[in-house]
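Student: Before I ask anything, let me first share the structure, which is written out below as structure tokens.
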Amino acid sequence: MPSFDVVSEIDKVQIRNAVDNASRELETRFDFRGVDASFQLNENNVLLTAEAEFQLTQLKDILRNKCAKQQIDTNCMDSKSVERSGKYFKQTVEFKEGIDQPTAKKLVKLIKDAKLKVQAQVQGEELRITGKKRDDLQAVMALIREANLGQPFQFKNFRD
């Protein structure tokens with residue numbers, strides 16, 4: 001039976017490139033001259049640091065633009081709350097990777113509500129879709145692309 005996997009992955013190299021490009025732009029921006037602001041890349045998140053809260057929104061916009069240029073879907077960016085420590089404002093932007101349980105349940109419900117003749121199984125942080133016809137599987141792919149669930153999805157391991 002034909003099947004494919006639905007995953008949510010991000011390319012860490014592209015994220016590193018986007019953060020490096022954002023740091024370079026930060027150094028050349030006139031409105032950030034003499035301001036202590038920075039981007040710091042950790043595992044799956046970026047720490048934004050600035051002296052004022054409005055500068056954090058500018059840093060986030062710079063990062064979002066650089067991610068878009070690197071073909072990273074900006075829906076996977078999740079901004080945490082702003083923290084104040086000393087004279088600095090800090091905010092963490094997390095990149096969502098993998099399909100968590102609530103999102104997987106929403107996807108399964110979406111597929112079942114479409115009344116297509118396919119089965120969906122949650123396998124850790126990915127979803128396996130199986131069916132008898134390739135057309136049904138392609139309809140599921142189109143359905144998932146149209147659904148706005150707050151993170152990008154990719155399809156891999158399409159087997160006949």
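In the structure tokens, chains take the letters A, B, ... in the order shown, each chain's residues start at 1, and ligands count up from 1 in the order shown.
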Check which residues of range 59-151 of chain A sit at most 8 Å from range 20-28 of chain A using only C-alpha atoms, and return one row each with the closest pair of atoms and their distance in Å to one decimal, ordered by chain and rising number, as a tab-separated table.

Tutor:
residue	atom	partner	partner_atom	distance
A:Ile62	CA	A:Ala22	CA	6.1
A:Leu63	CA	A:Ala22	CA	5.8
A:Lys66	CA	A:Ala22	CA	6.2

Student: As number ranges by chain, please: the residues near range 50-61 of chain A (cut-off 6 Å, only C-alpha atoms, same-chain neighbours under 5 positions excluded).

Tutor: A: 37, 88-89

Student: Could you write out that same residue set with N, CA, C and O atoms as a JSON list (two decimals), in the first residue's frame?

Tutor:
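Result saved to selection_12.json:
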[["chain", "number", "residue", "atom", "x", "y", "z"],
["A", 37, "ALA", "N", 23.19, 45.43, 21.24],
["A", 37, "ALA", "CA", 22.15, 44.49, 20.82],
["A", 37, "ALA", "C", 22.83, 43.32, 20.12],
["A", 37, "ALA", "O", 23.88, 43.48, 19.49],
["A", 88, "TYR", "N", 19.08, 45.34, 30.28],
["A", 88, "TYR", "CA", 18.82, 44.70, 29.00],
["A", 88, "TYR", "C", 17.45, 44.03, 28.97],
["A", 88, "TYR", "O", 16.95, 43.54, 29.97],
["A", 89, "PHE", "N", 16.90, 44.00, 27.77],
["A", 89, "PHE", "CA", 15.68, 43.24, 27.51],
["A", 89, "PHE", "C", 16.10, 42.02, 26.69],
["A", 89, "PHE", "O", 16.89, 42.14, 25.76]]

Student: Write out as a PDB file with all heavy atoms, in the first residue's frame each polymer residue whose atoms come within 10 Å of Pro152 in chain A, counting only C-alpha atoms; drop sequence neighbours fewer than 3 positions from it.

Tutor:
ATOM      1  N   VAL A   7       6.331  15.232   8.294  1.00  0.00           N
ATOM      2  CA  VAL A   7       7.295  15.662   9.305  1.00  0.00           C
ATOM      3  C   VAL A   7       7.351  17.182   9.339  1.00  0.00           C
ATOM      4  O   VAL A   7       6.860  17.863   8.432  1.00  0.00           O
ATOM      5  CB  VAL A   7       8.713  15.093   9.016  1.00  0.00           C
ATOM      6  CG1 VAL A   7       8.725  13.588   9.113  1.00  0.00           C
ATOM      7  CG2 VAL A   7       9.221  15.538   7.679  1.00  0.00           C
ATOM      8  N   SER A   8       7.941  17.692  10.389  1.00  0.00           N
ATOM      9  CA  SER A   8       8.191  19.130  10.493  1.00  0.00           C
ATOM     10  C   SER A   8       9.654  19.298  10.880  1.00  0.00           C
ATOM     11  O   SER A   8      10.018  19.133  12.044  1.00  0.00           O
ATOM     12  CB  SER A   8       7.273  19.759  11.542  1.00  0.00           C
ATOM     13  OG  SER A   8       7.527  21.136  11.633  1.00  0.00           O
ATOM     14  N   GLU A   9      10.477  19.581   9.893  1.00  0.00           N
ATOM     15  CA  GLU A   9      11.917  19.710  10.104  1.00  0.00           C
ATOM     16  C   GLU A   9      12.386  21.082   9.640  1.00  0.00           C
ATOM     17  O   GLU A   9      11.799  21.675   8.742  1.00  0.00           O
ATOM     18  CB  GLU A   9      12.673  18.644   9.319  1.00  0.00           C
ATOM     19  CG  GLU A   9      12.366  17.236   9.724  1.00  0.00           C
ATOM     20  CD  GLU A   9      13.048  16.206   8.841  1.00  0.00           C
ATOM     21  OE1 GLU A   9      13.444  16.557   7.705  1.00  0.00           O
ATOM     22  OE2 GLU A   9      13.164  15.062   9.281  1.00  0.00           O
ATOM     23  N   ILE A  10      13.452  21.535  10.263  1.00  0.00           N
ATOM     24  CA  ILE A  10      14.094  22.772   9.831  1.00  0.00           C
ATOM     25  C   ILE A  10      15.579  22.490   9.639  1.00  0.00           C
ATOM     26  O   ILE A  10      16.155  21.646  10.316  1.00  0.00           O
ATOM     27  CB  ILE A  10      13.882  23.926  10.839  1.00  0.00           C
ATOM     28  CG1 ILE A  10      14.218  23.494  12.254  1.00  0.00           C
ATOM     29  CG2 ILE A  10      12.477  24.449  10.778  1.00  0.00           C
ATOM     30  CD1 ILE A  10      14.156  24.588  13.274  1.00  0.00           C
ATOM     31  N   ILE A  72      13.432  29.548   5.090  1.00  0.00           N
ATOM     32  CA  ILE A  72      12.933  28.970   6.333  1.00  0.00           C
ATOM     33  C   ILE A  72      11.539  29.539   6.535  1.00  0.00           C
ATOM     34  O   ILE A  72      11.361  30.755   6.534  1.00  0.00           O
ATOM     35  CB  ILE A  72      13.836  29.350   7.530  1.00  0.00           C
ATOM     36  CG1 ILE A  72      15.245  28.814   7.330  1.00  0.00           C
ATOM     37  CG2 ILE A  72      13.248  28.821   8.830  1.00  0.00           C
ATOM     38  CD1 ILE A  72      16.241  29.335   8.334  1.00  0.00           C
ATOM     39  N   ASP A  73      10.564  28.666   6.702  1.00  0.00           N
ATOM     40  CA  ASP A  73       9.190  29.113   6.904  1.00  0.00           C
ATOM     41  C   ASP A  73       9.109  29.824   8.257  1.00  0.00           C
ATOM     42  O   ASP A  73       9.455  29.256   9.287  1.00  0.00           O
ATOM     43  CB  ASP A  73       8.239  27.926   6.871  1.00  0.00           C
ATOM     44  CG  ASP A  73       6.793  28.349   6.748  1.00  0.00           C
ATOM     45  OD1 ASP A  73       6.486  29.522   7.044  1.00  0.00           O
ATOM     46  OD2 ASP A  73       5.968  27.507   6.356  1.00  0.00           O
ATOM     47  N   THR A  74       8.653  31.068   8.244  1.00  0.00           N
ATOM     48  CA  THR A  74       8.632  31.854   9.476  1.00  0.00           C
ATOM     49  C   THR A  74       7.510  31.429  10.417  1.00  0.00           C
ATOM     50  O   THR A  74       7.449  31.923  11.548  1.00  0.00           O
ATOM     51  CB  THR A  74       8.512  33.363   9.168  1.00  0.00           C
ATOM     52  OG1 THR A  74       7.368  33.589   8.348  1.00  0.00           O
ATOM     53  CG2 THR A  74       9.755  33.860   8.455  1.00  0.00           C
ATOM     54  N   ASN A  75       6.633  30.522   9.987  1.00  0.00           N
ATOM     55  CA  ASN A  75       5.615  29.997  10.891  1.00  0.00           C
ATOM     56  C   ASN A  75       6.220  29.134  11.987  1.00  0.00           C
ATOM     57  O   ASN A  75       5.589  28.910  13.011  1.00  0.00           O
ATOM     58  CB  ASN A  75       4.578  29.170  10.125  1.00  0.00           C
ATOM     59  CG  ASN A  75       3.644  30.028   9.328  1.00  0.00           C
ATOM     60  OD1 ASN A  75       3.401  31.179   9.670  1.00  0.00           O
ATOM     61  ND2 ASN A  75       3.114  29.472   8.259  1.00  0.00           N
ATOM     62  N   CYS A  76       7.426  28.625  11.774  1.00  0.00           N
ATOM     63  CA  CYS A  76       8.053  27.780  12.791  1.00  0.00           C
ATOM     64  C   CYS A  76       8.711  28.599  13.898  1.00  0.00           C
ATOM     65  O   CYS A  76       9.172  28.052  14.884  1.00  0.00           O
ATOM     66  CB  CYS A  76       9.064  26.830  12.161  1.00  0.00           C
ATOM     67  SG  CYS A  76      10.523  27.613  11.489  1.00  0.00           S
ATOM     68  N   LYS A  96      10.270  25.759  16.062  1.00  0.00           N
ATOM     69  CA  LYS A  96       9.544  24.510  16.330  1.00  0.00           C
ATOM     70  C   LYS A  96       9.962  23.446  15.328  1.00  0.00           C
ATOM     71  O   LYS A  96       9.975  23.677  14.129  1.00  0.00           O
ATOM     72  CB  LYS A  96       8.036  24.737  16.231  1.00  0.00           C
ATOM     73  CG  LYS A  96       7.477  25.619  17.310  1.00  0.00           C
ATOM     74  CD  LYS A  96       5.993  25.692  17.218  1.00  0.00           C
ATOM     75  CE  LYS A  96       5.596  26.815  16.292  1.00  0.00           C
ATOM     76  NZ  LYS A  96       4.162  27.011  16.180  1.00  0.00           N
ATOM     77  N   GLU A  97      10.291  22.287  15.864  1.00  0.00           N
ATOM     78  CA  GLU A  97      10.677  21.166  15.018  1.00  0.00           C
ATOM     79  C   GLU A  97       9.993  19.913  15.560  1.00  0.00           C
ATOM     80  O   GLU A  97       9.886  19.723  16.762  1.00  0.00           O
ATOM     81  CB  GLU A  97      12.193  20.988  15.042  1.00  0.00           C
ATOM     82  CG  GLU A  97      12.695  20.021  14.029  1.00  0.00           C
ATOM     83  CD  GLU A  97      14.205  20.025  13.925  1.00  0.00           C
ATOM     84  OE1 GLU A  97      14.886  20.258  14.932  1.00  0.00           O
ATOM     85  OE2 GLU A  97      14.700  19.789  12.820  1.00  0.00           O
ATOM     86  N   GLY A  98       9.510  19.076  14.680  1.00  0.00           N
ATOM     87  CA  GLY A  98       8.789  17.880  15.098  1.00  0.00           C
ATOM     88  C   GLY A  98       7.315  18.208  15.296  1.00  0.00           C
ATOM     89  O   GLY A  98       6.930  19.355  15.491  1.00  0.00           O
ATOM     90  N   ILE A  99       6.498  17.185  15.237  1.00  0.00           N
ATOM     91  CA  ILE A  99       5.055  17.361  15.406  1.00  0.00           C
ATOM     92  C   ILE A  99       4.706  16.922  16.820  1.00  0.00           C
ATOM     93  O   ILE A  99       4.863  15.740  17.165  1.00  0.00           O
ATOM     94  CB  ILE A  99       4.280  16.530  14.364  1.00  0.00           C
ATOM     95  CG1 ILE A  99       4.695  16.935  12.948  1.00  0.00           C
ATOM     96  CG2 ILE A  99       2.785  16.699  14.551  1.00  0.00           C
ATOM     97  CD1 ILE A  99       4.117  16.064  11.858  1.00  0.00           C
ATOM     98  N   ILE A 144      -3.244  19.089   3.982  1.00  0.00           N
ATOM     99  CA  ILE A 144      -2.291  19.501   5.027  1.00  0.00           C
ATOM    100  C   ILE A 144      -1.620  20.818   4.646  1.00  0.00           C
ATOM    101  O   ILE A 144      -1.385  21.673   5.494  1.00  0.00           O
ATOM    102  CB  ILE A 144      -1.261  18.383   5.282  1.00  0.00           C
ATOM    103  CG1 ILE A 144      -1.954  17.192   5.942  1.00  0.00           C
ATOM    104  CG2 ILE A 144      -0.120  18.877   6.152  1.00  0.00           C
ATOM    105  CD1 ILE A 144      -1.080  15.972   6.105  1.00  0.00           C
ATOM    106  N   ARG A 145      -1.315  21.003   3.351  1.00  0.00           N
ATOM    107  CA  ARG A 145      -0.706  22.264   2.913  1.00  0.00           C
ATOM    108  C   ARG A 145      -1.640  23.442   3.159  1.00  0.00           C
ATOM    109  O   ARG A 145      -1.204  24.536   3.512  1.00  0.00           O
ATOM    110  CB  ARG A 145      -0.348  22.200   1.439  1.00  0.00           C
ATOM    111  CG  ARG A 145       0.927  21.473   1.161  1.00  0.00           C
ATOM    112  CD  ARG A 145       1.363  21.647  -0.283  1.00  0.00           C
ATOM    113  NE  ARG A 145       2.328  20.625  -0.613  1.00  0.00           N
ATOM    114  CZ  ARG A 145       2.089  19.575  -1.379  1.00  0.00           C
ATOM    115  NH1 ARG A 145       0.904  19.422  -1.931  1.00  0.00           N
ATOM    116  NH2 ARG A 145       3.021  18.689  -1.614  1.00  0.00           N
ATOM    117  N   ALA A 147      -4.086  23.615   5.439  1.00  0.00           N
ATOM    118  CA  ALA A 147      -4.390  23.804   6.855  1.00  0.00           C
ATOM    119  C   ALA A 147      -3.343  24.719   7.485  1.00  0.00           C
ATOM    120  O   ALA A 147      -2.145  24.542   7.288  1.00  0.00           O
ATOM    121  CB  ALA A 147      -4.401  22.459   7.575  1.00  0.00           C
ATOM    122  N   ASN A 148      -3.802  25.692   8.231  1.00  0.00           N
ATOM    123  CA  ASN A 148      -2.890  26.617   8.889  1.00  0.00           C
ATOM    124  C   ASN A 148      -2.798  26.228  10.357  1.00  0.00           C
ATOM    125  O   ASN A 148      -3.582  26.665  11.179  1.00  0.00           O
ATOM    126  CB  ASN A 148      -3.401  28.056   8.733  1.00  0.00           C
ATOM    127  CG  ASN A 148      -2.405  29.064   9.227  1.00  0.00           C
ATOM    128  OD1 ASN A 148      -1.258  28.728   9.536  1.00  0.00           O
ATOM    129  ND2 ASN A 148      -2.828  30.304   9.312  1.00  0.00           N
ATOM    130  N   LEU A 149      -1.826  25.373  10.682  1.00  0.00           N
ATOM    131  CA  LEU A 149      -1.671  24.889  12.050  1.00  0.00           C
ATOM    132  C   LEU A 149      -0.477  25.505  12.767  1.00  0.00           C
ATOM    133  O   LEU A 149      -0.070  25.024  13.814  1.00  0.00           O
ATOM    134  CB  LEU A 149      -1.562  23.356  12.057  1.00  0.00           C
ATOM    135  CG  LEU A 149      -2.810  22.626  11.563  1.00  0.00           C
ATOM    136  CD1 LEU A 149      -2.562  21.136  11.502  1.00  0.00           C
ATOM    137  CD2 LEU A 149      -3.989  22.924  12.456  1.00  0.00           C
TER     138      LEU A 149
END

Student: Go through A:Met1, A:Ala68, A:Val35, A:Val13 one by one, measure the shortest atom-to-atom distance of each to Asp136 in chain A using only C-alpha atoms, and give the residue with the smallest value.

Tutor: A:Met1

Student: Looking at A:Thr130, A:Gln138, A:Asn157, A:Gln123, which one is nearest to Pro2 in chain A, with distances taken over only C-alpha atoms?

Tutor: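 Among the listed residues, the smallest separation from Pro2 in chain A belongs to A:Thr130.
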
Student: May I have all residues of range 3-143 of chain A that DSSP, computed from the backbone, assigns to strand (DSSP E or B), given as an MDAnalysis selection string?

Tutor: chainID A and resid 3:7 38:41 45:50 77:79 83:85 88:95 118:123 126:131
